[in-house]
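Asker: Have a peek at structure05.cif (mmCIF, C-alpha atoms and all ligand atoms).
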data_data
#
loop_
_atom_site.label_atom_id
_atom_site.label_comp_id
_atom_site.auth_asym_id
_atom_site.auth_seq_id
_atom_site.Cartn_x
_atom_site.Cartn_y
_atom_site.Cartn_z
CA MET S 1 -0.24 -18.32 0.07
CA LYS S 2 2.71 -16.18 -0.91
CA ILE S 3 2.59 -12.41 -1.16
CA TYR S 4 5.52 -10.50 -2.61
CA ILE S 5 6.69 -7.10 -1.47
CA ILE S 6 8.43 -5.37 -4.35
CA PRO S 7 10.37 -2.16 -3.92
CA ILE S 8 9.93 0.21 -6.85
CA GLY S 9 12.84 2.59 -7.19
CA ASP S 10 14.72 3.66 -4.11
CA VAL S 11 13.01 2.43 -0.93
CA GLU S 12 14.48 2.02 2.55
CA LYS S 13 15.12 -1.68 3.21
CA LYS S 14 14.44 -1.48 6.94
CA THR S 15 10.87 -0.32 6.35
CA LEU S 16 10.23 -3.10 3.83
CA LEU S 17 11.48 -5.77 6.18
CA LYS S 18 9.45 -4.45 9.10
CA LEU S 19 6.39 -4.30 6.86
CA SER S 20 6.81 -7.90 5.81
CA TRP S 21 6.89 -9.04 9.45
CA VAL S 22 3.77 -7.16 10.45
CA LEU S 23 1.83 -8.07 7.32
CA ARG S 24 2.57 -11.74 7.82
CA GLU S 25 0.62 -11.61 11.06
CA LYS S 26 -2.29 -9.70 9.54
CA PHE S 27 -2.84 -11.97 6.55
CA LYS S 28 -1.44 -15.25 7.85
CA ALA S 29 0.47 -15.46 4.58
CA VAL S 30 4.11 -15.82 3.63
CA PHE S 31 5.58 -12.48 2.66
CA GLU S 32 8.70 -12.49 0.56
CA MET S 33 10.84 -9.70 -0.79
CA GLY S 34 10.71 -9.67 -4.57
CA LYS S 35 13.24 -8.39 -7.05
CA PRO S 36 13.21 -4.57 -7.03
CA LEU S 37 11.70 -2.81 -10.02
CA PRO S 38 13.07 0.40 -11.47
CA LEU S 39 10.84 3.41 -11.11
CA LEU S 40 9.05 4.12 -14.38
CA GLU S 41 10.41 7.53 -15.32
CA ASP S 42 7.78 7.83 -18.08
CA ALA S 43 5.21 8.11 -15.31
CA TYR S 44 6.73 11.36 -14.05
CA ARG S 45 4.67 14.50 -14.66
CA PRO S 46 7.00 17.49 -14.31
CA LYS S 47 4.16 20.02 -14.07
CA ARG S 48 2.79 18.28 -10.99
CA GLY S 49 6.15 17.12 -9.70
CA GLN S 50 4.50 13.74 -9.12
CA TYR S 51 4.31 10.27 -10.64
CA PHE S 52 1.16 8.96 -12.30
CA ALA S 53 0.31 5.81 -10.33
CA SER S 54 -1.63 3.85 -12.96
CA PRO S 55 1.24 3.06 -15.38
CA ILE S 56 3.39 2.13 -12.39
CA LEU S 57 0.70 -0.30 -11.21
CA ASP S 58 0.45 -1.68 -14.76
CA ASP S 59 4.19 -2.22 -14.84
CA LEU S 60 4.01 -3.99 -11.50
CA LYS S 61 1.29 -6.29 -12.87
CA GLN S 62 3.65 -7.32 -15.68
CA ASN S 63 6.22 -8.34 -13.09
CA ILE S 64 4.32 -10.57 -10.67
CA PRO S 65 6.44 -13.60 -9.72
CA GLU S 66 4.84 -16.85 -10.88
CA ASP S 67 4.21 -18.21 -7.40
CA GLY S 68 2.92 -14.91 -6.08
CA GLU S 69 -0.73 -14.84 -5.07
CA LYS S 70 -0.54 -11.08 -4.53
CA VAL S 71 2.05 -8.41 -4.91
CA LEU S 72 2.52 -5.18 -2.97
CA GLY S 73 4.67 -2.57 -4.66
CA VAL S 74 6.23 -0.02 -2.34
CA LEU S 75 7.59 3.25 -3.60
CA ASP S 76 8.89 6.43 -2.10
CA VAL S 77 7.82 9.12 -4.53
CA ASP S 78 4.68 11.23 -4.52
CA ILE S 79 1.94 9.63 -6.66
CA PHE S 80 -1.43 10.73 -8.06
CA VAL S 81 -4.28 9.71 -10.31
CA PRO S 82 -5.92 12.37 -12.48
CA ALA S 83 -9.01 12.98 -10.35
CA LEU S 84 -7.06 13.44 -7.11
CA ASN S 85 -4.25 15.71 -5.91
CA PHE S 86 -2.41 12.72 -4.56
CA ILE S 87 -3.00 9.16 -3.43
CA PHE S 88 -1.48 7.05 -0.67
CA GLY S 89 -1.85 3.91 -2.74
CA GLN S 90 -3.72 2.09 -5.47
CA ALA S 91 -4.95 -1.45 -6.00
CA ASP S 92 -6.72 -3.68 -8.46
CA LEU S 93 -9.95 -4.69 -6.75
CA GLY S 94 -10.09 -8.46 -6.38
CA ARG S 95 -6.96 -8.98 -8.46
CA LYS S 96 -3.29 -9.37 -7.68
CA ALA S 97 -1.50 -6.07 -7.51
CA ALA S 98 -1.42 -3.14 -5.10
CA LEU S 99 0.99 -0.36 -4.40
CA ILE S 100 1.63 2.19 -1.69
CA SER S 101 3.75 5.30 -1.51
CA LEU S 102 5.63 6.12 1.69
CA THR S 103 6.31 9.74 0.82
CA ARG S 104 3.25 11.40 2.34
CA LEU S 105 3.26 9.20 5.42
CA ARG S 106 6.22 11.01 6.96
CA GLU S 107 5.73 13.94 9.28
CA GLU S 108 8.75 15.61 7.65
CA PHE S 109 6.76 15.91 4.41
CA TYR S 110 4.57 18.45 6.21
CA GLY S 111 7.45 20.30 7.86
CA ASN S 112 6.97 18.55 11.20
CA SER S 113 9.63 16.71 13.12
CA LYS S 114 10.33 13.08 12.39
CA ASN S 115 8.16 10.44 14.07
CA GLU S 116 9.35 6.99 13.10
CA LYS S 117 6.60 5.10 14.91
CA LEU S 118 3.80 7.18 13.43
CA PHE S 119 5.35 6.78 9.99
CA PHE S 120 5.56 3.02 10.28
CA ASP S 121 2.02 2.69 11.70
CA ARG S 122 0.73 4.62 8.70
CA ALA S 123 2.70 2.47 6.28
CA VAL S 124 1.17 -0.67 7.81
CA LYS S 125 -2.36 0.75 7.57
CA GLU S 126 -1.94 1.75 3.94
CA ALA S 127 -0.38 -1.60 3.05
CA VAL S 128 -3.15 -3.57 4.76
CA HIS S 129 -5.77 -1.34 3.13
CA GLU S 130 -4.46 -1.73 -0.42
CA LEU S 131 -3.90 -5.46 -0.02
CA GLY S 132 -7.43 -5.65 1.38
CA HIS S 133 -8.66 -4.29 -1.96
CA THR S 134 -6.82 -7.05 -3.82
CA PHE S 135 -8.84 -9.52 -1.74
CA GLY S 136 -12.00 -7.87 -3.04
CA LEU S 137 -12.71 -5.66 -0.03
CA ARG S 138 -14.26 -2.28 -0.78
CA HIS S 139 -14.25 0.83 1.37
CA CYS S 140 -15.89 0.43 4.75
CA ASN S 141 -18.02 2.98 6.61
CA ASN S 142 -16.45 2.17 9.94
CA GLN S 143 -13.91 4.93 10.70
CA LYS S 144 -11.83 2.54 12.78
CA CYS S 145 -11.65 -0.11 10.11
CA VAL S 146 -8.51 -0.30 8.01
CA MET S 147 -10.71 -0.35 4.89
CA TYR S 148 -12.07 3.12 5.66
CA PHE S 149 -11.07 5.52 2.88
CA SER S 150 -8.27 7.88 3.90
CA ASN S 151 -8.87 11.26 2.39
CA SER S 152 -6.12 12.68 4.56
CA LEU S 153 -3.61 11.46 7.10
CA ARG S 154 -6.08 12.38 9.80
CA ASP S 155 -8.29 9.56 8.56
CA THR S 156 -5.31 7.25 8.43
CA ASP S 157 -4.37 8.10 12.01
CA ILE S 158 -7.92 7.58 13.29
CA LYS S 159 -8.35 4.17 11.74
CA GLU S 160 -6.67 1.06 13.07
CA ALA S 161 -4.42 -1.36 11.24
CA ASN S 162 -7.10 -4.05 11.56
CA PHE S 163 -10.22 -5.07 9.68
CA CYS S 164 -13.58 -4.56 11.35
CA GLU S 165 -15.59 -7.69 12.02
CA LEU S 166 -17.52 -7.47 8.73
CA CYS S 167 -14.42 -6.93 6.60
CA ARG S 168 -12.52 -9.60 8.52
CA GLU S 169 -15.29 -12.10 7.75
CA LYS S 170 -15.13 -11.31 4.03
CA LEU S 171 -11.36 -11.58 4.08
CA GLU S 172 -11.41 -14.93 5.89
CA ILE S 173 -13.53 -16.35 3.09
CA GLU S 174 -10.93 -15.19 0.56
CA LEU S 175 -8.03 -16.52 2.61
CA ARG S 176 -9.58 -19.95 3.05
ZN ZN T 1 -9.01 2.25 -0.75
ZN ZN T 2 -14.62 -2.71 7.73
#
Please express what this file holds, its structure, as structure tokens.
Answerer:
Amino acid sequence: MKIYIIPIGDVEKKTLLKLSWVLREKFKAVFEMGKPLPLLEDAYRPKRGQYFASPILDDLKQNIPEDGEKVLGVLDVDIFVPALNFIFGQADLGRKAALISLTRLREEFYGNSKNEKLFFDRAVKEAVHELGHTFGLRHCNNQKCVMYFSNSLRDTDIKEANFCELCREKLEIELR
């Protein structure tokens, strides 16, 4: 199985590469860097100062490489969907495409000092979570499980980068 990581707009290469290494272990799949996509400027909402995630996800879906089982778009701008102030990521349940935003995973976003490890741990959790959705996994009630819904970074920091036993079992069936 091949999963593509596709940078959307300007995204730090180092983070993408590190993500691909860690994700390979988690999903036992081949992760490959796909051709970068330009950030959809039409998705920008000046009043909110944010990008609307849904058209970006749609655009990503139009650009899935032929041999790609799944695709993870990574962007570094603040994103939202209408019902929420912001989102960390979005995915098509049981389909092919997911995306995450790195912007709100950095301590600097909140005026705190930089913490590279914390930032990367969060990026991994969000990536595993959104990809989990593409494998049909829904939100899990277990706070430690990576499929637990993160309402805030506190939730993200409490949960682990791994699937609980129940979610892992469901995933294994999909990965078979
Ligand atoms: Zn979710
Ligand atoms: Zn779970």
Asker: Using all atoms listed in the file, can you tell me which of S:His139, S:Lys125, S:Lys159, S:Arg95 comes closest to Val22 (chain S)?
Answerer: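 That would be S:Lys125, the residue with the smallest distance to Val22 (chain S).
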Asker: Would you work out the distance separating CA of Pro55 (chain S) from CA of Ala43 (chain S), expressed in Å to one decimal?
Answerer: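 Atom-to-atom, CA of Pro55 (chain S) and CA of Ala43 (chain S) are spaced 6.4 Å apart.
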Asker: Which of these, S:Glu41, S:Asp157, S:Glu108, S:Asp78, has the shortest distance to Glu126 (chain S) once you count only C-alpha atoms?
Answerer: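 Checking each candidate against Glu126 (chain S), we get S:Asp157 as the closest.
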Asker: Residues near Asn162 (chain S), anyone? I mean within 8 Å using all atoms listed in the file, not counting same-chain ones fewer than 5 positions away, as a PyMOL selection string.
Answerer: chain S and resi 26+125+128+145-146
Asker: Restricting the output to C-alpha atoms, write the selected residues as a short mmCIF file (atom, residue, chain, number, x, y, z; two decimals), in the frame of the given file.
Answerer:
data_model
loop_
_atom_site.label_atom_id
_atom_site.label_comp_id
_atom_site.auth_asym_id
_atom_site.auth_seq_id
_atom_site.Cartn_x
_atom_site.Cartn_y
_atom_site.Cartn_z
CA LYS S 26 -2.29 -9.70 9.54
CA LYS S 125 -2.36 0.75 7.57
CA VAL S 128 -3.15 -3.57 4.76
CA CYS S 145 -11.65 -0.11 10.11
CA VAL S 146 -8.51 -0.30 8.01
#
Asker: Residues near Leu102 (chain S), anyone? I mean within 10 Å using all atoms listed in the file, not counting same-chain ones fewer than 2 positions away, as a VMD selection string.
Answerer: chain S and resid 11 to 12 15 74 to 79 88 to 89 100 104 to 106 119 to 120 122 to 123 126 to 127
Asker: Ranking S:Thr156, S:Asn85, S:Asn141, S:Gln50 by minimum distance to ligand ZN 2 (chain T) and counting only C-alpha atoms and all ligand atoms, which one comes first?
Answerer: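 Closest to ligand ZN 2 (chain T), using only C-alpha atoms and all ligand atoms: S:Asn141.
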Asker: Distance CA of Glu169 (chain S)-CA of Ala91 (chain S), one decimal place?
Answerer: 20.2 Å
Asker: How would you write, as number ranges by chain, the set of residues no farther than 7 Å from ligand ZN 1 (chain T) when counting only C-alpha atoms and all ligand atoms?
Answerer: S: 129-130, 133, 138-139, 147, 149
Asker: Let me make sure I understand: among S:Lys170, S:Asp155, S:Cys140, S:Glu32, which one has the smallest atom-to-atom distance to ligand ZN 2 (chain T) if we use only C-alpha atoms and all ligand atoms?
Answerer: S:Cys140
Asker: Quick one: of S:Gln143, S:Ser152, S:Ser20, S:Ser113, who's nearest to ligand ZN 2 (chain T), counting all atoms listed in the file?
Answerer: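 Among the listed residues, S:Gln143 lies closest to ligand ZN 2 (chain T).
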Asker: As a VMD selection string, please: the residues near Gly73 (chain S) (cut-off 9 Å, all atoms listed in the file, same-chain neighbours under 2 positions excluded).
Answerer: chain S and resid 4 to 8 37 57 60 71 75 97 to 101
Asker: When distances are computed from all atoms listed in the file, which of S:Met1, S:Leu137, S:Leu72, S:Leu84 shows the smallest separation from Pro36 (chain S)?
Answerer: S:Leu72
Asker: Find the distance between CA of Ala29 (chain S) and CA of Ile3 (chain S) and write it in Å to one decimal.
Answerer: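 A separation of 6.8 Å between them.
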